[in-house]
Amino acid sequence: MAMNSRTPIRGYRAGFFFVVMLLSGVTGFMLWTEVRTGHQVDALVLEALERASLIGRIRVDVMALESAIEAHVRSSGDAERKEADAVMEDILGSIRQSSEAYMRHLPPGEKAIWLRFNGACQGLADQVRAAAVFSRQRDAERARRHLVESIRPLAAEVDQLAGQLATENASDARVLVGRLGTLRVRNTALGAATTLLAILLSMLVGWHIISLLKRQDATIQGQLEELGRHNQELDAFTRRVAHDLMGPLSPLKGYLTLIRRSGAVKDPGALEMISQCESSAVRMGELIEALLRFCRAGTRGDGTMGELDTAVSTLLLEVSQTATALGVSLERELEPGVLVDCPAQLLQVVARNLLSNAVKYTAGRPDPRVKVRVATEGTDAVVEVTDNGLGMSPATQASLFQPFFRAAEVRGIPGHGLGLATTRRVVEAHGGTLTVHSEEGKGTRIRVRFARVARTPAPLVVESDAHSIRKAS
């Protein structure tokens, strides 16, 4: 199943990244289009305003030019005429500069009107210079007549054409801005459609992924249930095998003991071999019993509760004799009445494994000490065993709970490698946790934590004495 689902997951992952890239591309395109359209609109508006400003300047210059001609005609001396000539040339230069600036960004729709406007401006300039010539020849009457008959009509035509140019300029600007607005709406609609498509694709990919994950979850749950059944079958098989092994082993130990005690065998070498066989049979029996305890430790007890401090106190009586023989000092700190949801027999299994290991691996060290503590911490009950024994390396701690594991440095010490594995199975089967803190050469501290159970108060029994009830007289 894992090999078959790997390719669809890769495909859905690629589809998801494609949707993300599509959304990112659409977002980037829409932002770029918006910024670009905004710049174009700003540029069009600025150009339209600049052309409107140039047209207004030309119209003002035409009005000022007419006033300058009148001043030139009314001038009485050469100095005044020269000053009026300078003013006229300055105005004509301004009109020429404005016309050249307007020609740089001339919209196509204004070309015909601009040609008429430009021709009228040039004709006006020629007529102004002709009037100035008449004025310099001191022919004021002819100059005034020329002003009235030629210059003023041309100035009116220039003003009219300038108004048409301003109208066409505003119209062209509105048309271009409208086109840009249409383009913006079109791009926005395209982006919205693409975004909707990407969202639909993402929903489709997400739905397929959720469906695939549900199928995989169902497969995993089925595999876990099957694994649990296999483990139960394996534990049951192990228990049956261990029980069947104990059957022939017990008579074997008895027969070996009878042969050794009967006196039928006189050879010392044969007696030594019989004694070794008897010891091996005893160790085999202990190993089978440990294996049985390990198999039974994976299931919860019968639902009864046990006192943690009582179980530890019972085991201390058993372990204290071994500790005294090995010269190990036992310290205890037991809080009374610590009730947990675990049967007393299994609590004794936990305490026996922890205390016996601590004593066994602390013996022979300088000032060997083992301390056991039972206490409540909030809603939990804790049993903690601390020693200053051999300690464990990180590599040993990594494999500590594997069945039949024995560290290289303690293989000379008797043991089966099932004690801590059994202890953890008991603790986890009853909802507890087991943690180990150890440093090589400095000692080990093991903490077992169970959920504490509140003690139910005993029901109050009220006894009544029928003889003490008297009738009221």
# chains A, B, ... in the order shown; residues from 1 in each chain; ligands from 1

call {"tool": "residues_around", "arguments": {"residues": "Leu252 of chain A", "least_positions_apart": "4", "cutoff": "10 Å", "atoms": "only C-alpha atoms", "output": "VMD selection string"}}
result
chain A and resid 246 to 248 256 to 258 277 to 278 281 to 282

call {"tool": "residues_around", "arguments": {"residues": "Val410 of chain A", "least_positions_apart": "2", "cutoff": "12 Å", "atoms": "only C-alpha atoms", "output": "list of chain:residue names"}}
result
A:Asn357, A:Lys360, A:Tyr361, A:Thr362, A:Gly389, A:Leu390, A:Gly391, A:Met392, A:Ser393, A:Thr396, A:Phe405, A:Arg406, A:Ala407, A:Ala408, A:Gly412, A:Ile413, A:Pro414, A:Gly415, A:His416, A:Gly417

call {"tool": "write_last_selection", "arguments": {"atoms": "N, CA and C atoms", "output": "PDB file, in the first residue's frame"}}
result
ATOM      1  N   ASN A 357      17.247  -4.475  40.493  1.00  0.00           N
ATOM      2  CA  ASN A 357      18.262  -3.971  39.569  1.00  0.00           C
ATOM      3  C   ASN A 357      19.150  -2.938  40.237  1.00  0.00           C
ATOM      4  N   LYS A 360      21.480  -4.716  42.627  1.00  0.00           N
ATOM      5  CA  LYS A 360      22.410  -5.592  41.910  1.00  0.00           C
ATOM      6  C   LYS A 360      23.521  -4.796  41.230  1.00  0.00           C
ATOM      7  N   TYR A 361      23.161  -3.655  40.612  1.00  0.00           N
ATOM      8  CA  TYR A 361      24.166  -2.894  39.861  1.00  0.00           C
ATOM      9  C   TYR A 361      24.860  -1.826  40.694  1.00  0.00           C
ATOM     10  N   THR A 362      24.494  -1.742  41.998  1.00  0.00           N
ATOM     11  CA  THR A 362      25.178  -0.807  42.899  1.00  0.00           C
ATOM     12  C   THR A 362      26.175  -1.539  43.790  1.00  0.00           C
ATOM     13  N   GLY A 389      25.142   3.599  41.377  1.00  0.00           N
ATOM     14  CA  GLY A 389      25.828   2.423  40.851  1.00  0.00           C
ATOM     15  C   GLY A 389      26.573   2.673  39.556  1.00  0.00           C
ATOM     16  N   LEU A 390      26.558   1.668  38.671  1.00  0.00           N
ATOM     17  CA  LEU A 390      27.362   1.726  37.453  1.00  0.00           C
ATOM     18  C   LEU A 390      26.897   2.809  36.491  1.00  0.00           C
ATOM     19  N   GLY A 391      25.613   3.053  36.439  1.00  0.00           N
ATOM     20  CA  GLY A 391      25.110   3.987  35.443  1.00  0.00           C
ATOM     21  C   GLY A 391      25.084   3.346  34.061  1.00  0.00           C
ATOM     22  N   MET A 392      24.580   4.087  33.085  1.00  0.00           N
ATOM     23  CA  MET A 392      24.448   3.553  31.725  1.00  0.00           C
ATOM     24  C   MET A 392      24.892   4.596  30.714  1.00  0.00           C
ATOM     25  N   SER A 393      25.488   4.109  29.643  1.00  0.00           N
ATOM     26  CA  SER A 393      25.877   4.978  28.532  1.00  0.00           C
ATOM     27  C   SER A 393      24.648   5.297  27.685  1.00  0.00           C
ATOM     28  N   THR A 396      23.520   2.295  25.689  1.00  0.00           N
ATOM     29  CA  THR A 396      22.796   1.309  26.489  1.00  0.00           C
ATOM     30  C   THR A 396      21.370   1.763  26.742  1.00  0.00           C
ATOM     31  N   PHE A 405      17.841  -7.837  26.324  1.00  0.00           N
ATOM     32  CA  PHE A 405      19.029  -7.006  26.106  1.00  0.00           C
ATOM     33  C   PHE A 405      19.860  -6.952  27.377  1.00  0.00           C
ATOM     34  N   ARG A 406      21.154  -7.211  27.235  1.00  0.00           N
ATOM     35  CA  ARG A 406      22.107  -7.074  28.337  1.00  0.00           C
ATOM     36  C   ARG A 406      23.269  -6.234  27.837  1.00  0.00           C
ATOM     37  N   ALA A 407      23.581  -5.170  28.578  1.00  0.00           N
ATOM     38  CA  ALA A 407      24.716  -4.332  28.204  1.00  0.00           C
ATOM     39  C   ALA A 407      26.013  -5.108  28.365  1.00  0.00           C
ATOM     40  N   ALA A 408      26.996  -4.757  27.545  1.00  0.00           N
ATOM     41  CA  ALA A 408      28.269  -5.494  27.561  1.00  0.00           C
ATOM     42  C   ALA A 408      28.954  -5.405  28.917  1.00  0.00           C
ATOM     43  N   GLY A 412      28.494 -10.006  33.041  1.00  0.00           N
ATOM     44  CA  GLY A 412      29.010 -10.899  34.081  1.00  0.00           C
ATOM     45  C   GLY A 412      28.111 -10.974  35.283  1.00  0.00           C
ATOM     46  N   ILE A 413      27.111 -10.098  35.384  1.00  0.00           N
ATOM     47  CA  ILE A 413      26.178 -10.086  36.513  1.00  0.00           C
ATOM     48  C   ILE A 413      24.955 -10.896  36.115  1.00  0.00           C
ATOM     49  N   PRO A 414      24.447 -11.777  37.000  1.00  0.00           N
ATOM     50  CA  PRO A 414      23.287 -12.616  36.643  1.00  0.00           C
ATOM     51  C   PRO A 414      22.085 -11.771  36.249  1.00  0.00           C
ATOM     52  N   GLY A 415      21.315 -12.258  35.293  1.00  0.00           N
ATOM     53  CA  GLY A 415      20.105 -11.560  34.847  1.00  0.00           C
ATOM     54  C   GLY A 415      19.634 -12.129  33.523  1.00  0.00           C
ATOM     55  N   HIS A 416      18.364 -11.817  33.182  1.00  0.00           N
ATOM     56  CA  HIS A 416      17.775 -12.331  31.957  1.00  0.00           C
ATOM     57  C   HIS A 416      17.530 -11.249  30.915  1.00  0.00           C
ATOM     58  N   GLY A 417      17.617  -9.973  31.284  1.00  0.00           N
ATOM     59  CA  GLY A 417      17.342  -8.896  30.325  1.00  0.00           C
ATOM     60  C   GLY A 417      15.863  -8.664  30.077  1.00  0.00           C
TER      61      GLY A 417
END

call {"tool": "atom_distance", "arguments": {"atom1": "atom CA of Gly443 of chain A", "atom2": "atom CA of His430 of chain A"}}
result
27.5 Å

call {"tool": "residues_around", "arguments": {"residues": "Val185 of chain A", "least_positions_apart": "5", "cutoff": "12 Å", "atoms": "only C-alpha atoms", "output": "PyMOL selection string"}}
result
chain A and resi 30+33-34+37+178-180+190-192

call {"tool": "residues_around", "arguments": {"residues": "Glu384 of chain A", "least_positions_apart": "5", "cutoff": "6 Å", "atoms": "only C-alpha atoms", "output": "list in words"}}
result
Val372, Arg373, Ile446 and Arg447 of chain A

call {"tool": "closest_residue", "arguments": {"among": "A:Phe18, A:Trp207, A:Tyr255, A:Phe117", "to": "Gly163 of chain A", "atoms": "only C-alpha atoms"}}
result
A:Phe117

call {"tool": "residues_around", "arguments": {"residues": "Gln97 of chain A", "least_positions_apart": "3", "cutoff": "12 Å", "atoms": "only C-alpha atoms", "output": "list in words"}}
result
Leu54, Ile55, Arg57, Ile58, Asp61, Asp90, Ile91, Leu92, Gly93, Ser94, Glu100, Ala101, Tyr102, Met103 and Arg104 of chain A

call {"tool": "residues_around", "arguments": {"residues": "segment 47-49 of chain A", "least_positions_apart": "5", "cutoff": "7 Å", "atoms": "only C-alpha atoms", "output": "compact mmCIF listing (two decimals) with C-alpha atoms, in the first residue's frame"}}
result
# COMPACT_ATOMS: atom_id res chain seq x y z
CA ASN A 169 -7.87 67.13 -26.44
CA ALA A 170 -10.29 66.41 -23.60
CA ALA A 173 -7.97 61.86 -23.32

call {"tool": "atom_distance", "arguments": {"atom1": "atom CA of Leu165 of chain A", "atom2": "atom CA of Ser99 of chain A"}}
result
12.1 Å
